[in-house]
Amino acid sequence: MAKALSERVVAVDGRTDSEEKLAVANLNYRLVGKNGVSWHDQIADIGSALSFLAEKSPYYGYSAERVVLLGMSAGGHLSLLYAYKYDGTGTVKAVVSLAGPTDVSASDLADTLWDNFKFDIARVFPETEQESASPVMFANRVPTLLMHGKLDQIVPYSQAEKLDAALTIKGVPRKFIHFDDTDHSVGGNAEDVKINRFEIIFSEILSWIGNCAL
């Protein structure tokens, strides 16, 4: 998605492509379980990347004060958690999550991850840390775009529902887009290749960025 955004500039909220463009950075983070890496280290990686981008902003000519975090699946989880809990500077103006886990203590999430990958979520998020690693516990001021497929067999659809409910209660600007016929890819369905919602997803992301961060 980051590559696609970087290759296409469109008008957002009446701005032409000569008036407002998006600078896109594709962030990598260390993987949990390798050389003792934990989810705390992954959060630190995001912070380091944003600091690097801020340092380079005068040279490349983009604003480091208007950041939108976007991620899918595990990347969605980290984007949400960083935006809500760890953005001490207030530079994150919006966050977008596609099929990202929002409550790592939920039994249905643990079940689907084990069934699909034999992945024990407690090895990454010990029980004593699950609350502090769950974005739903820290939903705050950051405008949030959630996208999820109802047929997702990896990250249950209920994960998005929980966060949407929390954001609604707190009055946080949010938009929840769900598709009845897509799976964990959010925009497609492995059992029916004719299903394609990626153009809708792309358009909604650009619109959310335009409304919240430009």
# chains A, B, ... in the order shown; residues from 1 in each chain; ligands from 1
>>> select_by_dssp(residues="stretch 168-211 of chain A", states="strand (DSSP E or B)", output="PyMOL selection string")
chain A and resi 174-179+188+196
>>> residues_around(residues="A:Leu53", least_positions_apart="3", cutoff="12 Å", atoms="only C-alpha atoms", output="list in words")
Ala23, Val24, Ala25, Asn26, Leu27, Ile46, Gly47, Ser48, Ala49, Leu50, Lys56, Ser57, Pro58, Tyr59, Tyr60, Gly61, Tyr62, Ser63, Ala64, Glu65, Arg66, Val67 and Thr91 of chain A
>>> closest_atom_pairs(of="stretch 55-121 of chain A", to="stretch 172-193 of chain A", cutoff="10 Å", atoms="only C-alpha atoms", output="tab-separated table")
residue	atom	partner	partner_atom	distance
A:Met72	CA	A:Ser185	CA	8.6
A:Ser73	CA	A:His184	CA	8.0
A:Ala94	CA	A:Pro173	CA	9.4
A:Val95	CA	A:Arg174	CA	9.6
A:Val96	CA	A:Lys175	CA	9.6
A:Ser97	CA	A:Phe176	CA	9.9
A:Leu98	CA	A:Val186	CA	6.7
A:Ala99	CA	A:His184	CA	6.4
A:Gly100	CA	A:His184	CA	9.5
>>> closest_residue(among="A:Gly171, A:Pro156, A:Gly210, A:Gly149", to="A:Ala106", atoms="only C-alpha atoms")
A:Pro156
>>> closest_residue(among="A:Ala83, A:Ala74, A:Val68, A:Leu214", to="A:Tyr29", atoms="only C-alpha atoms")
A:Ala74
>>> atom_distance(atom1="atom CA of A:Glu199", atom2="atom CA of A:Gln159")
23.5 Å
>>> decode(residues="stretch 61-90 of chain A", atoms="N, CA and C atoms", output="PDB file, in the first residue's frame")
ATOM      1  N   GLY A  61      11.845  18.316   2.225  1.00  0.00           N
ATOM      2  CA  GLY A  61      10.772  19.282   2.030  1.00  0.00           C
ATOM      3  C   GLY A  61       9.379  18.809   2.362  1.00  0.00           C
ATOM      4  N   TYR A  62       9.245  17.858   3.260  1.00  0.00           N
ATOM      5  CA  TYR A  62       7.918  17.438   3.716  1.00  0.00           C
ATOM      6  C   TYR A  62       7.725  17.873   5.167  1.00  0.00           C
ATOM      7  N   SER A  63       6.485  17.835   5.629  1.00  0.00           N
ATOM      8  CA  SER A  63       6.186  18.206   7.006  1.00  0.00           C
ATOM      9  C   SER A  63       6.309  16.996   7.920  1.00  0.00           C
ATOM     10  N   ALA A  64       7.081  17.136   8.988  1.00  0.00           N
ATOM     11  CA  ALA A  64       7.196  16.069   9.985  1.00  0.00           C
ATOM     12  C   ALA A  64       6.192  16.263  11.114  1.00  0.00           C
ATOM     13  N   GLU A  65       5.357  17.280  11.008  1.00  0.00           N
ATOM     14  CA  GLU A  65       4.384  17.596  12.048  1.00  0.00           C
ATOM     15  C   GLU A  65       3.002  17.054  11.732  1.00  0.00           C
ATOM     16  N   ARG A  66       2.836  16.448  10.582  1.00  0.00           N
ATOM     17  CA  ARG A  66       1.532  15.900  10.181  1.00  0.00           C
ATOM     18  C   ARG A  66       1.743  14.473   9.682  1.00  0.00           C
ATOM     19  N   VAL A  67       1.742  13.557  10.621  1.00  0.00           N
ATOM     20  CA  VAL A  67       2.041  12.160  10.329  1.00  0.00           C
ATOM     21  C   VAL A  67       0.760  11.331  10.389  1.00  0.00           C
ATOM     22  N   VAL A  68       0.605  10.445   9.425  1.00  0.00           N
ATOM     23  CA  VAL A  68      -0.470   9.446   9.456  1.00  0.00           C
ATOM     24  C   VAL A  68       0.186   8.073   9.499  1.00  0.00           C
ATOM     25  N   LEU A  69      -0.147   7.286  10.487  1.00  0.00           N
ATOM     26  CA  LEU A  69       0.352   5.921  10.557  1.00  0.00           C
ATOM     27  C   LEU A  69      -0.660   4.981   9.922  1.00  0.00           C
ATOM     28  N   LEU A  70      -0.167   4.080   9.079  1.00  0.00           N
ATOM     29  CA  LEU A  70      -1.034   3.126   8.389  1.00  0.00           C
ATOM     30  C   LEU A  70      -0.389   1.748   8.461  1.00  0.00           C
ATOM     31  N   GLY A  71      -1.163   0.758   8.813  1.00  0.00           N
ATOM     32  CA  GLY A  71      -0.625  -0.590   8.851  1.00  0.00           C
ATOM     33  C   GLY A  71      -1.706  -1.628   8.638  1.00  0.00           C
ATOM     34  N   MET A  72      -1.257  -2.818   8.236  1.00  0.00           N
ATOM     35  CA  MET A  72      -2.179  -3.928   8.021  1.00  0.00           C
ATOM     36  C   MET A  72      -1.811  -5.080   8.936  1.00  0.00           C
ATOM     37  N   SER A  73      -2.818  -5.719   9.523  1.00  0.00           N
ATOM     38  CA  SER A  73      -2.634  -6.856  10.411  1.00  0.00           C
ATOM     39  C   SER A  73      -1.732  -6.461  11.582  1.00  0.00           C
ATOM     40  N   ALA A  74      -0.587  -7.109  11.759  1.00  0.00           N
ATOM     41  CA  ALA A  74       0.305  -6.750  12.871  1.00  0.00           C
ATOM     42  C   ALA A  74       0.749  -5.297  12.760  1.00  0.00           C
ATOM     43  N   GLY A  75       0.946  -4.821  11.525  1.00  0.00           N
ATOM     44  CA  GLY A  75       1.306  -3.423  11.331  1.00  0.00           C
ATOM     45  C   GLY A  75       0.195  -2.481  11.749  1.00  0.00           C
ATOM     46  N   GLY A  76      -1.038  -2.915  11.573  1.00  0.00           N
ATOM     47  CA  GLY A  76      -2.177  -2.125  12.028  1.00  0.00           C
ATOM     48  C   GLY A  76      -2.205  -2.022  13.542  1.00  0.00           C
ATOM     49  N   HIS A  77      -1.930  -3.144  14.207  1.00  0.00           N
ATOM     50  CA  HIS A  77      -1.870  -3.155  15.664  1.00  0.00           C
ATOM     51  C   HIS A  77      -0.828  -2.182  16.181  1.00  0.00           C
ATOM     52  N   LEU A  78       0.370  -2.235  15.606  1.00  0.00           N
ATOM     53  CA  LEU A  78       1.448  -1.350  16.055  1.00  0.00           C
ATOM     54  C   LEU A  78       1.140   0.110  15.744  1.00  0.00           C
ATOM     55  N   SER A  79       0.541   0.367  14.593  1.00  0.00           N
ATOM     56  CA  SER A  79       0.176   1.740  14.245  1.00  0.00           C
ATOM     57  C   SER A  79      -0.821   2.315  15.241  1.00  0.00           C
ATOM     58  N   LEU A  80      -1.837   1.546  15.566  1.00  0.00           N
ATOM     59  CA  LEU A  80      -2.843   1.992  16.530  1.00  0.00           C
ATOM     60  C   LEU A  80      -2.232   2.221  17.907  1.00  0.00           C
ATOM     61  N   LEU A  81      -1.444   1.263  18.352  1.00  0.00           N
ATOM     62  CA  LEU A  81      -0.881   1.350  19.695  1.00  0.00           C
ATOM     63  C   LEU A  81       0.062   2.546  19.816  1.00  0.00           C
ATOM     64  N   TYR A  82       0.889   2.748  18.805  1.00  0.00           N
ATOM     65  CA  TYR A  82       1.810   3.891  18.860  1.00  0.00           C
ATOM     66  C   TYR A  82       1.033   5.208  18.832  1.00  0.00           C
ATOM     67  N   ALA A  83       0.052   5.302  17.950  1.00  0.00           N
ATOM     68  CA  ALA A  83      -0.713   6.546  17.821  1.00  0.00           C
ATOM     69  C   ALA A  83      -1.430   6.897  19.119  1.00  0.00           C
ATOM     70  N   TYR A  84      -2.018   5.913  19.770  1.00  0.00           N
ATOM     71  CA  TYR A  84      -2.808   6.170  20.964  1.00  0.00           C
ATOM     72  C   TYR A  84      -1.958   6.360  22.224  1.00  0.00           C
ATOM     73  N   LYS A  85      -0.874   5.595  22.334  1.00  0.00           N
ATOM     74  CA  LYS A  85      -0.172   5.501  23.612  1.00  0.00           C
ATOM     75  C   LYS A  85       1.222   6.116  23.621  1.00  0.00           C
ATOM     76  N   TYR A  86       1.893   6.120  22.494  1.00  0.00           N
ATOM     77  CA  TYR A  86       3.319   6.461  22.512  1.00  0.00           C
ATOM     78  C   TYR A  86       3.683   7.725  21.727  1.00  0.00           C
ATOM     79  N   ASP A  87       2.712   8.374  21.126  1.00  0.00           N
ATOM     80  CA  ASP A  87       3.009   9.591  20.381  1.00  0.00           C
ATOM     81  C   ASP A  87       3.040  10.781  21.336  1.00  0.00           C
ATOM     82  N   GLY A  88       4.159  10.977  21.974  1.00  0.00           N
ATOM     83  CA  GLY A  88       4.270  12.040  22.965  1.00  0.00           C
ATOM     84  C   GLY A  88       4.316  13.432  22.386  1.00  0.00           C
ATOM     85  N   THR A  89       4.609  13.561  21.101  1.00  0.00           N
ATOM     86  CA  THR A  89       4.746  14.873  20.473  1.00  0.00           C
ATOM     87  C   THR A  89       3.458  15.365  19.829  1.00  0.00           C
ATOM     88  N   GLY A  90       2.494  14.488  19.632  1.00  0.00           N
ATOM     89  CA  GLY A  90       1.246  14.879  18.977  1.00  0.00           C
ATOM     90  C   GLY A  90       1.363  15.062  17.482  1.00  0.00           C
TER      91      GLY A  90
END
